[in-house]
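Peer 1: So here's model-v8.cif, just mmCIF, C-alpha atoms and all ligand atoms:
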```
data_query
loop_
_atom_site.label_atom_id
_atom_site.label_comp_id
_atom_site.auth_asym_id
_atom_site.auth_seq_id
_atom_site.Cartn_x
_atom_site.Cartn_y
_atom_site.Cartn_z
CA MET A 1 80.45 91.69 109.71
CA ILE A 2 80.57 88.24 111.28
CA GLN A 3 83.66 87.77 113.42
CA LYS A 4 85.35 84.48 112.87
CA PRO A 5 85.96 82.31 115.93
CA TYR A 6 89.76 82.51 115.60
CA LEU A 7 89.89 86.29 115.33
CA LYS A 8 87.63 86.62 118.36
CA ALA A 9 89.83 84.35 120.46
CA PHE A 10 93.26 85.71 119.47
CA PRO A 11 94.94 87.60 120.95
CA ASP A 12 93.62 87.00 124.48
CA ALA A 13 92.77 89.92 126.79
CA LYS A 14 96.44 90.41 127.68
CA GLY A 15 97.57 90.44 124.09
CA TYR A 16 98.87 86.89 123.81
CA PHE A 17 98.77 84.46 120.92
CA GLY A 18 99.58 81.32 122.87
CA LYS A 19 102.81 82.22 124.66
CA PHE A 20 103.75 84.88 122.11
CA GLY A 21 102.97 88.60 122.24
CA GLY A 22 102.18 90.53 125.40
CA ALA A 23 103.32 94.03 126.31
CA PHE A 24 106.75 94.40 127.93
CA LEU A 25 106.87 98.12 128.59
CA PRO A 26 108.56 100.57 130.91
CA PRO A 27 106.05 101.62 133.60
CA GLU A 28 105.73 105.14 132.12
CA LEU A 29 104.36 103.70 128.91
CA GLU A 30 102.06 101.04 130.33
CA GLU A 31 99.22 103.43 130.94
CA GLN A 32 99.49 104.98 127.47
CA PHE A 33 99.31 101.64 125.69
CA LYS A 34 96.36 100.64 127.88
CA LYS A 35 94.58 103.82 126.76
CA ILE A 36 95.30 103.08 123.11
CA GLU A 37 93.90 99.58 123.58
CA GLU A 38 90.72 100.83 125.26
CA ALA A 39 90.23 103.44 122.56
CA TYR A 40 90.72 100.89 119.81
CA LEU A 41 88.25 98.42 121.34
CA THR A 42 85.54 101.06 121.75
CA ILE A 43 86.08 103.74 119.09
CA GLY A 44 87.63 101.35 116.59
CA ASN A 45 84.49 99.23 116.61
CA SER A 46 82.06 102.13 116.46
CA HIS A 47 79.79 102.65 113.49
CA ASN A 48 81.23 106.09 112.65
CA PHE A 49 84.83 104.95 112.75
CA ILE A 50 84.19 101.95 110.53
CA ARG A 51 82.17 104.01 108.06
CA GLU A 52 84.83 106.72 107.83
CA LEU A 53 87.61 104.19 107.33
CA ARG A 54 85.56 102.47 104.62
CA ASP A 55 85.10 105.80 102.79
CA ILE A 56 88.83 106.51 102.99
CA ARG A 57 89.64 103.07 101.61
CA LYS A 58 87.36 103.61 98.65
CA HIS A 59 87.80 107.27 97.73
CA TYR A 60 91.36 108.01 98.83
CA GLN A 61 93.30 104.75 98.79
CA GLY A 62 91.60 103.42 95.65
CA ARG A 63 90.35 100.16 97.17
CA PRO A 64 89.43 97.48 96.48
CA THR A 65 92.69 96.59 94.77
CA PRO A 66 92.21 93.85 92.15
CA VAL A 67 93.03 90.17 92.23
CA TYR A 68 94.77 89.33 88.96
CA TYR A 69 95.45 85.96 87.30
CA ALA A 70 99.11 86.02 86.21
CA ARG A 71 98.57 83.93 83.11
CA ARG A 72 101.91 84.43 81.36
CA LEU A 73 103.92 83.85 84.50
CA SER A 74 101.88 80.72 85.30
CA GLU A 75 102.35 79.36 81.78
CA PHE A 76 106.07 80.13 81.88
CA ILE A 77 106.44 78.03 85.03
CA GLY A 78 104.11 75.34 83.72
CA GLY A 79 102.68 74.53 87.13
CA ALA A 80 100.02 75.91 89.42
CA ARG A 81 97.86 78.93 88.55
CA ILE A 82 99.34 82.01 90.22
CA TYR A 83 97.10 84.93 91.23
CA LEU A 84 98.23 88.27 92.62
CA LYS A 85 96.45 90.48 95.15
CA ARG A 86 97.56 93.85 93.82
CA GLU A 87 98.54 95.86 96.92
CA ASP A 88 101.07 97.57 94.66
CA LEU A 89 98.05 99.50 93.35
CA ASN A 90 97.05 100.75 96.79
CA HIS A 91 97.80 104.50 97.18
CA THR A 92 101.52 105.09 97.88
CA GLY A 93 102.27 101.76 96.19
CA ALA A 94 102.17 99.31 99.07
CA HIS A 95 99.97 97.79 101.77
CA LYS A 96 101.40 99.90 104.61
CA LEU A 97 98.89 102.72 104.11
CA ASN A 98 96.12 100.28 105.15
CA HIS A 99 97.19 100.35 108.79
CA CYS A 100 98.59 103.90 108.78
CA MET A 101 95.18 105.31 107.80
CA GLY A 102 93.58 103.26 110.58
CA GLU A 103 96.12 104.41 113.17
CA ALA A 104 95.80 108.06 112.08
CA LEU A 105 92.01 107.87 112.14
CA LEU A 106 92.18 106.56 115.70
CA ALA A 107 94.50 109.47 116.53
CA LYS A 108 91.93 111.89 115.13
CA TYR A 109 89.11 110.39 117.23
CA LEU A 110 91.36 110.65 120.31
CA GLY A 111 92.03 114.33 119.62
CA LYS A 112 95.78 113.79 119.13
CA LYS A 113 97.80 116.38 117.23
CA LYS A 114 100.91 114.47 116.33
CA LEU A 115 101.89 111.06 114.95
CA ILE A 116 105.28 109.70 116.03
CA ALA A 117 107.08 106.70 114.59
CA GLU A 118 110.42 105.28 113.67
CA THR A 119 111.34 104.04 110.24
CA GLY A 120 114.14 101.86 108.88
CA ALA A 121 114.02 101.85 105.11
CA GLY A 122 111.54 104.73 105.16
CA GLN A 123 108.46 102.91 103.85
CA HIS A 124 106.53 103.18 107.10
CA GLY A 125 107.61 106.81 107.44
CA VAL A 126 106.28 107.68 103.99
CA ALA A 127 102.96 105.90 104.58
CA LEU A 128 102.49 107.58 107.96
CA ALA A 129 103.45 110.99 106.57
CA THR A 130 100.78 110.47 103.91
CA ALA A 131 98.16 109.66 106.54
CA ALA A 132 99.22 112.70 108.59
CA ALA A 133 98.82 114.96 105.56
CA TYR A 134 95.36 113.54 104.89
CA PHE A 135 94.18 114.24 108.44
CA GLY A 136 96.10 117.48 108.94
CA LEU A 137 98.17 116.04 111.80
CA GLU A 138 101.79 116.74 112.62
CA CYS A 139 104.16 113.89 111.87
CA GLU A 140 107.56 113.17 113.40
CA ILE A 141 109.61 110.30 111.99
CA HIS A 142 112.75 109.10 113.78
CA MET A 143 115.35 107.63 111.50
CA GLY A 144 118.95 106.52 112.01
CA GLU A 145 121.58 108.66 110.28
CA VAL A 146 122.89 105.61 108.47
CA ASP A 147 119.43 104.89 107.06
CA ILE A 148 118.90 108.54 106.15
CA ALA A 149 121.98 108.39 103.94
CA LYS A 150 120.93 105.05 102.39
CA GLU A 151 117.27 105.83 101.77
CA HIS A 152 117.48 109.34 100.43
CA PRO A 153 114.39 109.24 98.14
CA ASN A 154 112.13 108.22 101.02
CA VAL A 155 113.56 110.96 103.23
CA VAL A 156 112.74 113.49 100.51
CA ARG A 157 109.22 112.05 100.17
CA MET A 158 108.55 112.39 103.89
CA ARG A 159 109.70 116.02 103.84
CA VAL A 160 107.60 116.83 100.77
CA LEU A 161 104.62 115.36 102.58
CA GLY A 162 105.25 117.72 105.48
CA ALA A 163 106.75 115.33 108.02
CA LYS A 164 109.65 116.20 110.30
CA VAL A 165 112.47 113.67 109.95
CA VAL A 166 114.50 113.44 113.16
CA PRO A 167 118.02 112.06 112.58
CA VAL A 168 119.14 109.57 115.24
CA THR A 169 122.85 109.95 115.89
CA PHE A 170 123.67 107.52 118.70
CA GLY A 171 124.67 103.83 118.73
CA ALA A 172 124.60 102.06 115.36
CA LYS A 173 122.33 104.88 114.06
CA THR A 174 119.82 102.47 112.51
CA LEU A 175 116.37 101.05 113.25
CA LYS A 176 116.89 99.91 116.84
CA GLU A 177 118.12 103.34 117.96
CA ALA A 178 115.33 104.98 115.98
CA VAL A 179 112.80 102.97 118.02
CA ASP A 180 114.42 104.15 121.27
CA SER A 181 114.47 107.74 120.07
CA ALA A 182 110.82 107.65 118.99
CA PHE A 183 109.77 106.21 122.37
CA VAL A 184 111.58 109.02 124.19
CA ALA A 185 109.87 111.64 122.02
CA TYR A 186 106.50 109.99 122.61
CA LEU A 187 107.03 109.92 126.38
CA LYS A 188 107.61 113.68 126.39
CA ASP A 189 104.08 114.39 125.23
CA PRO A 190 101.81 111.34 125.33
CA GLU A 191 98.70 113.50 125.79
CA ASN A 192 98.97 115.18 122.41
CA SER A 193 100.77 112.53 120.41
CA ILE A 194 100.37 108.87 119.48
CA TYR A 195 102.98 106.27 118.62
CA CYS A 196 102.25 104.41 115.39
CA ILE A 197 103.91 101.03 114.84
CA GLY A 198 104.58 99.89 111.27
CA SER A 199 103.82 96.18 111.35
CA VAL A 200 102.16 93.44 113.42
CA VAL A 201 104.93 93.81 116.00
CA GLY A 202 105.52 95.78 119.19
CA PRO A 203 103.58 95.62 122.45
CA HIS A 204 99.86 94.79 122.60
CA PRO A 205 97.54 96.18 121.18
CA PHE A 206 99.58 96.87 118.02
CA PRO A 207 99.90 93.33 116.62
CA MET A 208 96.10 93.03 116.89
CA MET A 209 95.29 96.54 115.65
CA VAL A 210 97.62 96.39 112.67
CA ARG A 211 96.31 92.93 111.74
CA ASP A 212 92.74 94.16 111.90
CA PHE A 213 93.50 97.25 109.78
CA GLN A 214 95.31 95.05 107.24
CA SER A 215 92.52 92.44 107.18
CA VAL A 216 90.85 94.45 104.40
CA VAL A 217 93.38 92.77 102.09
CA GLY A 218 92.20 89.26 102.94
CA ILE A 219 88.51 90.13 103.11
CA GLU A 220 88.60 91.63 99.62
CA ALA A 221 90.81 88.91 98.18
CA ARG A 222 88.65 86.06 99.48
CA GLU A 223 85.55 87.50 97.86
CA GLN A 224 87.33 88.44 94.62
CA PHE A 225 89.01 85.07 94.24
CA PHE A 226 85.77 83.22 94.83
CA GLU A 227 83.96 85.38 92.31
CA MET A 228 86.68 84.81 89.70
CA THR A 229 87.13 81.07 90.10
CA GLY A 230 84.18 79.68 92.07
CA ASN A 231 86.63 78.34 94.64
CA LEU A 232 88.93 79.41 97.42
CA PRO A 233 92.68 79.44 96.71
CA ASP A 234 94.51 76.21 97.62
CA ASN A 235 97.57 78.17 98.77
CA LEU A 236 98.29 81.65 100.10
CA VAL A 237 101.76 83.16 99.90
CA ALA A 238 103.05 86.41 101.42
CA CYS A 239 106.44 87.77 102.43
CA VAL A 240 107.11 88.30 106.13
CA GLY A 241 109.21 91.08 107.58
CA GLY A 242 107.23 91.92 110.71
CA GLY A 243 104.33 90.18 109.04
CA SER A 244 101.57 92.75 108.46
CA ASN A 245 100.83 92.11 104.79
CA ALA A 246 100.86 88.35 105.44
CA MET A 247 98.49 88.61 108.45
CA GLY A 248 96.24 90.90 106.44
CA LEU A 249 95.81 88.21 103.81
CA PHE A 250 95.85 85.16 106.10
CA SER A 251 93.37 86.51 108.66
CA ALA A 252 90.42 86.12 106.27
CA PHE A 253 91.26 82.49 105.45
CA ILE A 254 92.27 81.15 108.84
CA ASP A 255 89.19 78.98 109.24
CA ASP A 256 89.35 77.79 105.60
CA PRO A 257 91.18 74.75 104.22
CA CYS A 258 93.93 76.81 102.58
CA GLU A 259 97.66 76.23 103.02
CA MET A 260 99.34 79.46 104.15
CA TYR A 261 103.01 80.22 103.56
CA GLY A 262 104.85 83.15 105.15
CA VAL A 263 108.02 83.70 103.14
CA GLU A 264 111.19 84.71 104.97
CA PRO A 265 114.27 86.32 103.43
CA GLY A 266 117.02 83.74 102.99
CA GLY A 267 119.52 86.47 102.10
CA LYS A 268 122.87 85.28 100.88
CA GLY A 269 123.48 82.30 103.16
CA THR A 270 122.43 80.29 106.21
CA LYS A 271 124.92 81.76 108.70
CA LEU A 272 123.80 84.30 111.30
CA GLY A 273 124.06 87.75 109.77
CA GLU A 274 123.52 86.54 106.20
CA HIS A 275 119.72 86.32 106.32
CA ALA A 276 116.68 87.59 108.26
CA ALA A 277 114.74 84.32 108.51
CA SER A 278 113.58 84.56 112.14
CA LEU A 279 111.12 81.66 112.19
CA THR A 280 113.46 79.40 110.24
CA TYR A 281 116.55 79.88 112.38
CA GLY A 282 115.49 81.82 115.50
CA SER A 283 114.49 81.06 119.09
CA GLU A 284 112.13 82.53 121.68
CA GLY A 285 112.97 85.97 123.00
CA ILE A 286 111.71 89.46 123.86
CA LEU A 287 112.50 92.41 121.62
CA HIS A 288 110.80 95.81 121.23
CA GLY A 289 108.23 95.00 123.91
CA PHE A 290 106.86 91.62 122.79
CA ASN A 291 107.73 87.93 123.09
CA SER A 292 108.28 86.08 119.84
CA ILE A 293 110.82 84.10 117.84
CA MET A 294 113.95 86.10 117.15
CA LEU A 295 117.48 85.84 115.80
CA LYS A 296 120.06 86.28 118.57
CA ASN A 297 123.81 86.61 118.56
CA GLU A 298 126.08 84.78 121.04
CA ALA A 299 125.42 87.43 123.69
CA GLY A 300 121.69 86.74 123.38
CA GLU A 301 121.07 90.12 121.79
CA PRO A 302 119.21 90.82 118.52
CA ALA A 303 121.46 89.58 115.72
CA ALA A 304 122.60 91.54 112.69
CA VAL A 305 120.42 90.57 109.73
CA HIS A 306 120.56 90.88 105.97
CA SER A 307 118.10 90.84 103.11
CA VAL A 308 118.25 92.35 99.65
CA ALA A 309 114.85 93.84 100.58
CA SER A 310 115.33 96.41 103.33
CA GLY A 311 111.68 96.07 104.41
CA LEU A 312 112.31 92.48 105.47
CA ASP A 313 115.49 92.84 107.52
CA TYR A 314 114.04 92.59 111.02
CA PRO A 315 115.52 90.14 113.56
CA SER A 316 112.13 89.13 115.00
CA VAL A 317 108.62 88.49 113.68
CA GLY A 318 105.08 89.34 114.68
CA PRO A 319 103.89 87.17 117.62
CA GLU A 320 100.87 85.89 115.71
CA HIS A 321 103.14 84.40 113.05
CA ALA A 322 105.21 82.74 115.78
CA TYR A 323 102.01 81.27 117.20
CA LEU A 324 100.42 80.13 113.92
CA ASN A 325 103.72 78.54 112.94
CA SER A 326 104.02 76.78 116.32
CA ILE A 327 100.60 75.12 115.86
CA ALA A 328 101.43 74.35 112.20
CA ARG A 329 98.52 76.43 110.86
CA THR A 330 101.02 78.33 108.71
CA LYS A 331 104.18 77.12 107.05
CA VAL A 332 107.42 78.96 106.55
CA GLY A 333 108.73 79.43 103.03
CA ILE A 334 112.08 80.86 102.15
CA ALA A 335 113.47 82.77 99.17
CA ASN A 336 117.06 83.94 98.99
CA ASP A 337 118.43 87.10 97.37
CA ALA A 338 119.27 85.40 94.05
CA GLU A 339 115.83 83.80 93.67
CA THR A 340 114.24 87.12 94.58
CA ILE A 341 116.12 89.08 91.92
CA GLN A 342 115.17 86.45 89.33
CA ALA A 343 111.52 86.73 90.35
CA PHE A 344 111.74 90.54 90.24
CA TYR A 345 112.78 90.33 86.59
CA ASP A 346 110.43 87.44 85.71
CA LEU A 347 107.32 89.23 86.97
CA SER A 348 108.43 92.40 85.18
CA HIS A 349 109.03 90.56 81.87
CA TYR A 350 106.06 88.20 81.87
CA GLU A 351 103.40 90.44 83.38
CA GLY A 352 104.53 94.06 83.09
CA ILE A 353 104.43 94.37 86.86
CA ILE A 354 107.59 95.51 88.65
CA PRO A 355 107.34 94.20 92.22
CA ALA A 356 108.92 95.60 95.37
CA LEU A 357 111.89 93.44 96.38
CA GLU A 358 109.95 92.45 99.50
CA SER A 359 107.04 91.20 97.40
CA ALA A 360 109.45 89.55 94.95
CA HIS A 361 110.34 87.14 97.79
CA ALA A 362 106.72 85.96 97.81
CA VAL A 363 106.69 85.66 94.02
CA ALA A 364 109.98 83.69 94.06
CA PHE A 365 108.59 81.22 96.60
CA ALA A 366 105.27 80.92 94.73
CA MET A 367 107.20 80.01 91.57
CA LYS A 368 108.93 77.16 93.43
CA LEU A 369 105.65 76.02 95.00
CA ALA A 370 103.90 76.12 91.60
CA LYS A 371 106.21 73.40 90.34
CA GLU A 372 105.55 71.23 93.38
CA LYS A 373 101.77 71.61 93.16
CA PRO A 374 101.00 71.80 89.44
CA TYR A 375 97.23 71.31 89.74
CA GLU A 376 96.57 73.87 92.45
CA SER A 377 96.01 77.61 92.72
CA ILE A 378 98.29 80.04 94.56
CA LEU A 379 97.23 83.51 95.68
CA VAL A 380 100.23 85.78 96.30
CA ASN A 381 100.01 89.04 98.18
CA LEU A 382 101.92 91.45 95.97
CA SER A 383 102.57 93.82 98.86
CA GLY A 384 104.13 96.69 96.91
CA ARG A 385 105.49 98.06 93.66
CA GLY A 386 109.16 98.14 92.78
CA ASP A 387 109.81 101.67 91.59
CA LYS A 388 111.75 102.33 94.79
CA ASP A 389 114.06 99.38 94.02
CA ILE A 390 114.76 99.81 90.31
CA ASP A 391 117.96 101.87 90.59
CA PHE A 392 119.44 99.48 93.14
CA VAL A 393 118.54 96.34 91.19
CA VAL A 394 119.80 97.59 87.83
CA ALA A 395 123.06 98.85 89.34
CA ASN A 396 123.81 95.50 91.01
CA TYR A 397 122.08 92.89 88.83
CA LYS A 398 122.17 93.73 85.12
CA PRO A 399 118.86 93.21 83.25
CA GLU A 400 120.59 91.39 80.35
CA ASP A 401 121.75 88.66 82.77
CA TYR A 402 118.15 87.84 83.69
CA MET A 403 116.45 87.63 80.29
C1 LIG B 1 107.41 97.06 104.73
C2 LIG B 1 107.09 96.17 103.60
C3 LIG B 1 106.98 94.77 103.77
C4 LIG B 1 107.27 94.07 105.07
O1 LIG B 1 106.40 94.38 106.10
P1 LIG B 1 105.32 93.34 106.66
O2 LIG B 1 104.86 93.97 107.91
O3 LIG B 1 106.02 92.04 106.88
O4 LIG B 1 104.26 93.22 105.65
C5 LIG B 1 106.61 94.01 102.68
N1 LIG B 1 106.38 94.57 101.47
C6 LIG B 1 106.49 95.90 101.27
C7 LIG B 1 106.22 96.44 99.92
C8 LIG B 1 106.84 96.74 102.33
O5 LIG B 1 106.95 98.07 102.12
#
```
Go through the file and emit its structure as structure tokens.
Peer 2:
Amino acid sequence: MIQKPYLKAFPDAKGYFGKFGGAFLPPELEEQFKKIEEAYLTIGNSHNFIRELRDIRKHYQGRPTPVYYARRLSEFIGGARIYLKREDLNHTGAHKLNHCMGEALLAKYLGKKKLIAETGAGQHGVALATAAAYFGLECEIHMGEVDIAKEHPNVVRMRVLGAKVVPVTFGAKTLKEAVDSAFVAYLKDPENSIYCIGSVVGPHPFPMMVRDFQSVVGIEAREQFFEMTGNLPDNLVACVGGGSNAMGLFSAFIDDPCEMYGVEPGGKGTKLGEHAASLTYGSEGILHGFNSIMLKNEAGEPAAVHSVASGLDYPSVGPEHAYLNSIARTKVGIANDAETIQAFYDLSHYEGIIPALESAHAVAFAMKLAKEKPYESILVNLSGRGDKDIDFVVANYKPEDYM
């Protein structure tokens, strides 16, 4: 495959996208992350690794996922033509398995026995537990007690898949403490285990590795869209939590004349704590081992965040998004909770596709954009399916109010 000039140049050798990224690690972990980077650059680019990953994508994950023209939704809006890249049809129902299979395959080549990670809402935990089952590796997922109570179905899924869920009982007992707990567990046995990050965040090399493993989304979509329409899409739209599904799509189009919109969760208001729109309202800062744009409270610490989609409530964003936004190669879109719920129902009614609430943010923004750009095409990354969200949505937002 021909490497595009941008992808070759970014990140630089130290893991920076402009001033964003890097690896801010305790000394004990520096060496381990260096080893992961070296392994990725050699093994990850080897013929055998690439061939094995390609086979997994095809025969296990069910790739390529289709690109679909959402005709009824487009006609309902009466604006631009909206297309969906159907990551909801990827095995396990979301894009996350794309990088988990890559990370687990690297673990296999390195002779590791155990995958360790944290999870917030449980989506990364389920995807990693799936990959561990496929490769016959042990899997240990650290999860805050608060999240364990909230995300019961995903906890059950992880256990069914054979993963060990470790409850984290200190501090606020949510994602941040789960990260700390997972790092401690990893440090105890770095020879036999590997730490697997769930988005294009964390210290170098993870933002690069996860982007590259997710790039299959963009590579497929670019070819499929061109074959369907004879053109490239005018606009790309994807939701951004950490930013992995968005980078997966964007990376294949970065040297093309396409507008790219990363959609942030506007939540229920513009005050700190009411949203999780890091690029929209945040400032530069270091969190979880990398420099990026983050939401801070008055003490300069990571702020409390909110989104109706639990997969988007992260107070920072992948460094590559911070960079691409700073040079105006990407634009930031926003969709609030109310618009997202409306889009969740609209896509379900008009297309028979129930989106994940995360993905519904992208759909909601695309519907606004379609009215502004009536003669253009919009390709949305539908990052996941909404089965996991149905009970919550119906209990809080009655279907009859959204007909
Ligand atoms: C986790 C998740 C996201 C957010 O993660 P990114 O790294 O920003 O892509 C989006 N959609 C779905 C369905 C998810 O599970």
Peer 1: Considering only C-alpha atoms, state which residue in the set A:Lys96, A:Arg211, A:His142, A:His204 is at the smallest distance from Arg385 in chain A.
Peer 2: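 That would be A:Lys96, the residue with the smallest distance to Arg385 in chain A.
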Peer 1: Around ligand LIG 1 (chain B), out to 6 Å and counting only C-alpha atoms and all ligand atoms, which residues are there? I want them as a compact mmCIF listing (two decimals) with C-alpha atoms, keeping the file's coordinate frame.
Peer 2:
```txt
# COMPACT_ATOMS: atom_id res chain seq x y z
CA ALA A 94 102.17 99.31 99.07
CA GLN A 123 108.46 102.91 103.85
CA SER A 199 103.82 96.18 111.35
CA VAL A 240 107.11 88.30 106.13
CA GLY A 241 109.21 91.08 107.58
CA GLY A 242 107.23 91.92 110.71
CA GLY A 243 104.33 90.18 109.04
CA SER A 244 101.57 92.75 108.46
CA ASN A 245 100.83 92.11 104.79
CA ALA A 246 100.86 88.35 105.44
CA GLY A 311 111.68 96.07 104.41
CA LEU A 312 112.31 92.48 105.47
CA ALA A 356 108.92 95.60 95.37
CA GLU A 358 109.95 92.45 99.50
CA SER A 359 107.04 91.20 97.40
CA SER A 383 102.57 93.82 98.86
CA GLY A 384 104.13 96.69 96.91
```
Peer 1: For Asp88 in chain A, which of A:Arg63, A:Asp346, A:Ala133, A:Val126 is the closest residue, counting only C-alpha atoms?
Peer 2: A:Arg63
Peer 1: With 8 Å as the threshold, what does the neighbourhood of (106.9, 87.7, 121.9) contain in terms of residues, counting only C-alpha atoms? Coordinates are those of the file; answer as a ChimeraX atom specification.
Peer 2: /A:19-22,284-287,289-293,318-319
Peer 1: Given the selection you just returned, output its residues as a file containing C-alpha atoms, formatted as a PDB file, in the coordinates of the input.
Peer 2:
```pdb
ATOM      1  CA  LYS A  19     102.810  82.220 124.660  1.00  0.00           C
ATOM      2  CA  PHE A  20     103.750  84.880 122.110  1.00  0.00           C
ATOM      3  CA  GLY A  21     102.970  88.600 122.240  1.00  0.00           C
ATOM      4  CA  GLY A  22     102.180  90.530 125.400  1.00  0.00           C
ATOM      5  CA  GLU A 284     112.130  82.530 121.680  1.00  0.00           C
ATOM      6  CA  GLY A 285     112.970  85.970 123.000  1.00  0.00           C
ATOM      7  CA  ILE A 286     111.710  89.460 123.860  1.00  0.00           C
ATOM      8  CA  LEU A 287     112.500  92.410 121.620  1.00  0.00           C
ATOM      9  CA  GLY A 289     108.230  95.000 123.910  1.00  0.00           C
ATOM     10  CA  PHE A 290     106.860  91.620 122.790  1.00  0.00           C
ATOM     11  CA  ASN A 291     107.730  87.930 123.090  1.00  0.00           C
ATOM     12  CA  SER A 292     108.280  86.080 119.840  1.00  0.00           C
ATOM     13  CA  ILE A 293     110.820  84.100 117.840  1.00  0.00           C
ATOM     14  CA  GLY A 318     105.080  89.340 114.680  1.00  0.00           C
ATOM     15  CA  PRO A 319     103.890  87.170 117.620  1.00  0.00           C
TER      16      PRO A 319
END
```
Peer 1: Pick out the residues sitting within 8 Å of His306 in chain A, and hand them over as a VMD selection string; count all atoms listed in the file, and ignore anything fewer than 6 positions along from it in its own chain.
Peer 2: chain A and resid 267 to 268 273 to 276 313
Peer 1: Given the choices A:Glu87, A:Ser316, A:Leu272, A:Pro265, which gets closest to Glu298 in chain A if the distance is worked out from all atoms listed in the file?
Peer 2: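 Distance minimum relative to Glu298 in chain A lands on A:Leu272.
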Peer 1: Which of these residues is nearest to Lys34 in chain A, using only C-alpha atoms: A:Pro5, A:Gly15, A:Pro399, A:Gly125?
Peer 2: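 Residue with the minimum atom-to-atom distance to Lys34 in chain A: A:Gly15.
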Peer 1: Report, in Å with one decimal, the straight-line distance from CA of Thr340 in chain A to CA of Ala70 in chain A.
Peer 2: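 Between CA of Thr340 in chain A and CA of Ala70 in chain A the gap works out to 17.3 Å.
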Peer 1: Using CA of Ile378 in chain A and CA of Gly266 in chain A as the two end points, give the distance in Å to one decimal.
Peer 2: 20.9 Å
Peer 1: Find the residues around range 41-50 of chain A up to 8 Å (all atoms listed in the file counted), leave out those fewer than 4 positions away in its own chain, and share them as a ChimeraX atom specification.
Peer 2: /A:37,54,105-106,109
Peer 1: Kindly indicate which residue among A:Glu138, A:Ser310, A:Phe24, A:Ala277 lies nearest to Lys296 in chain A, using all atoms listed in the file for the distances.
Peer 2: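 Nearest to Lys296 in chain A: A:Ala277.
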Peer 1: Considering all atoms listed in the file, can you say which of A:Asn231, A:Ser278, A:Thr92, A:Thr330 comes closest to Phe250 in chain A?
Peer 2: A:Thr330
Peer 1: Taking (107.4, 112.9, 101.6) in the file's own coordinates, collect the residues within 12 Å, counting all atoms listed in the file, and hand them back as an NGL selection string.
Peer 2: :A and (92 or 122-133 or 139-141 or 152-165)
Peer 1: In Å, rounded to a single decimal, give me how far CA of Phe225 in chain A is from CA of Val317 in chain A.
Peer 2: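 So the two atoms, CA of Val317 in chain A and CA of Phe225 in chain A, lie 27.8 Å apart.
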